[in-house]
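**Q** Shown below is the structure under consideration.
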Amino acid sequence: MEKIVVDASVFLSSALEGEVHSKISRKFFETIKNSGGKITIPVLTLFEVLHNFYRTNEDSKATQRLHEYFINLNLSGDLKILNLEASFLAYFFTYHQHFNLKTSDAIVVLTAHREKCPLISWDKQMLKQASKGVAIYTPEEYLELLA
């Protein structure tokens with residue numbers, strides 16, 4: 001199984017019960033875990049998921065459980081969290097103009113670009129822009145590809 005970059009939208013949809021894509025997002029993560037897939041994210045994605053999850057439900061304990069989920073994924077080797085260091089800034093500066101996205105989305109796209117792996121997202125604008133230089137899929141499309 002190859003490594004993939006997963007956007008905050010997929011993590012959030014799997015964590016938020018009433019979200020329209022929650023079931024397929026959960027199935028996506030279950031399939032990735034069972035197939036030995038490796039998820040890579042920039043640390044910014046972790047901030048986005050935890051902050052937006054809390055803003056949506058205002059439940060500190062549930063947010064703490066979600067944070068622990070990320071810690072356990074990282075400890076098990078199923079998740080690699082990349083720091084945003086000077087070398088990434090140089091990479092960002094070289095390629096950011098190719099993707100007309102807000103900064104946080106550009107960082108996610110450029111993580112996939114730099115890691116030379118597919119990007120999985122529900123964000124339509126991100127998917128459209130990322131297609132200029134990255135293999136892109138929704139979780140549903142990626143599951144079909146694996147089938």
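Just remember, in the structure tokens the first chain shown is A, the second B, etc., residues are 1-based per chain, and ligands are 1-based in the order shown.
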DSSP on the backbone, alpha helix (DSSP H) only: what residues of stretch 1-132 of chain A does that give? Format it as a PyMOL selection string.
**A** chain A and resi 8-15+22-34+43-57+60-76+86-95+103-115+124-130
**Q** Neighbouring residues of A:Thr31 were defined as those with any atom within 10 Å, considering only C-alpha atoms; residues of the same chain fewer than 5 positions away were excluded. Please report them as a list in words.
**A**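 Near neighbours after the sequence-gap exclusion: Ser25, Arg26, Gly36, Gly37, Leu143 and Leu146 of chain A.
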**Q** Those same residues, written as an mmCIF file, in the first residue's frame with N, CA and C atoms?
**A**
data_model
loop_
_atom_site.group_PDB
_atom_site.id
_atom_site.type_symbol
_atom_site.label_atom_id
_atom_site.label_comp_id
_atom_site.auth_asym_id
_atom_site.auth_seq_id
_atom_site.Cartn_x
_atom_site.Cartn_y
_atom_site.Cartn_z
ATOM 1 N N SER A 25 -16.118 8.302 4.909
ATOM 2 C CA SER A 25 -14.811 8.690 5.453
ATOM 3 C C SER A 25 -14.332 7.675 6.482
ATOM 4 N N ARG A 26 -15.237 7.200 7.317
ATOM 5 C CA ARG A 26 -14.866 6.163 8.296
ATOM 6 C C ARG A 26 -14.451 4.876 7.588
ATOM 7 N N GLY A 36 -2.731 -1.625 5.527
ATOM 8 C CA GLY A 36 -1.357 -1.248 5.833
ATOM 9 C C GLY A 36 -0.936 0.065 5.221
ATOM 10 N N GLY A 37 -1.895 0.887 4.824
ATOM 11 C CA GLY A 37 -1.579 2.182 4.230
ATOM 12 C C GLY A 37 -0.954 3.125 5.236
ATOM 13 N N LEU A 143 -11.244 4.545 -2.569
ATOM 14 C CA LEU A 143 -11.725 3.204 -2.230
ATOM 15 C C LEU A 143 -12.048 2.405 -3.490
ATOM 16 N N LEU A 146 -8.871 1.117 -4.949
ATOM 17 C CA LEU A 146 -8.318 -0.002 -4.182
ATOM 18 C C LEU A 146 -9.076 -1.295 -4.408
#
**Q** Which residues of stretch 33-130 of chain A come within 12 Å of stretch 5-11 of chain A, and for each one, what is the closest pair of atoms and their distance in Å to one decimal, counting only C-alpha atoms, sorted by chain and residue number, as a tab-separated table?
**A**
residue	atom	partner	partner_atom	distance
A:Gly37	CA	A:Val5	CA	10.7
A:Lys38	CA	A:Val5	CA	8.6
A:Ile39	CA	A:Val5	CA	5.7
A:Thr40	CA	A:Val5	CA	4.8
A:Ile41	CA	A:Val5	CA	5.6
A:Pro42	CA	A:Val5	CA	8.6
A:Val43	CA	A:Ala8	CA	10.7
A:Leu44	CA	A:Ala8	CA	9.1
A:Thr45	CA	A:Ala8	CA	5.5
A:Leu46	CA	A:Ala8	CA	7.5
A:Phe47	CA	A:Ala8	CA	9.1
A:Glu48	CA	A:Ala8	CA	6.5
A:Val49	CA	A:Ala8	CA	5.5
A:Leu50	CA	A:Ala8	CA	9.2
A:His51	CA	A:Ala8	CA	10.6
A:Asn52	CA	A:Ala8	CA	9.2
A:Phe53	CA	A:Phe11	CA	9.5
A:Leu66	CA	A:Phe11	CA	9.8
A:His67	CA	A:Phe11	CA	11.5
A:Tyr69	CA	A:Phe11	CA	10.9
A:Phe70	CA	A:Phe11	CA	10.1
A:Asp78	CA	A:Val5	CA	11.8
A:Leu79	CA	A:Val5	CA	9.7
A:Lys80	CA	A:Val5	CA	9.5
A:Ile81	CA	A:Val5	CA	10.1
A:Leu82	CA	A:Val5	CA	10.7
A:Ser104	CA	A:Ala8	CA	10.1
A:Asp105	CA	A:Asp7	CA	8.3
A:Ala106	CA	A:Asp7	CA	10.9
A:Ile107	CA	A:Asp7	CA	10.2
A:Val108	CA	A:Asp7	CA	6.7
A:Val109	CA	A:Val5	CA	8.3
A:Leu110	CA	A:Val5	CA	9.9
A:Thr111	CA	A:Val5	CA	7.3
A:Ala112	CA	A:Val5	CA	5.6
A:His113	CA	A:Val5	CA	9.4
A:Arg114	CA	A:Val5	CA	10.5
A:Glu115	CA	A:Val5	CA	8.4
A:Lys116	CA	A:Val5	CA	9.5
A:Cys117	CA	A:Val5	CA	6.9
A:Pro118	CA	A:Val5	CA	6.2
A:Leu119	CA	A:Val5	CA	4.8
A:Ile120	CA	A:Val6	CA	4.8
A:Ser121	CA	A:Asp7	CA	5.1
A:Trp122	CA	A:Ser9	CA	5.8
A:Asp123	CA	A:Ser9	CA	6.7
A:Lys124	CA	A:Ser9	CA	10.4
A:Gln125	CA	A:Ser9	CA	11.9
A:Met126	CA	A:Asp7	CA	9.3
A:Leu127	CA	A:Asp7	CA	10.2
A:Ala130	CA	A:Asp7	CA	11.7
**Q** May I ask for the distance between atom CA of A:Lys23 and atom CA of A:Pro139, given in Å to one decimal place?
**A**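 The value is 10.6 Å.
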**Q** Interatomic distance between atom CA of A:Tyr54 and atom CA of A:Ile71?
**A**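 Atom-to-atom, atom CA of A:Tyr54 to atom CA of A:Ile71, that is 17.0 Å.
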**Q** Among chain A, which residues carry a DSSP assignment of strand (DSSP E), reported as a list in words?
**A**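 Filtering chain A to strand (DSSP E) leaves Lys3, Ile4, Val5, Val6, Lys38, Ile39, Thr40, Ile41, Pro42, Leu79, Lys80, Ile81, Leu82, Leu119, Ile120, Ile136 and Tyr137 of chain A.
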**Q** Report the distance between atom CA of A:Asn72 and atom CA of A:Ser22 in Å, rounded to one decimal place.
**A** 20.7 Å
**Q** Kindly indicate which residue among A:Ile136, A:Leu101, A:Ala62, A:Ile32 lies nearest to A:Lys3, using only C-alpha atoms for the distances.
**A**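 Once distances to A:Lys3 are computed over only C-alpha atoms, the minimum belongs to A:Ile32.
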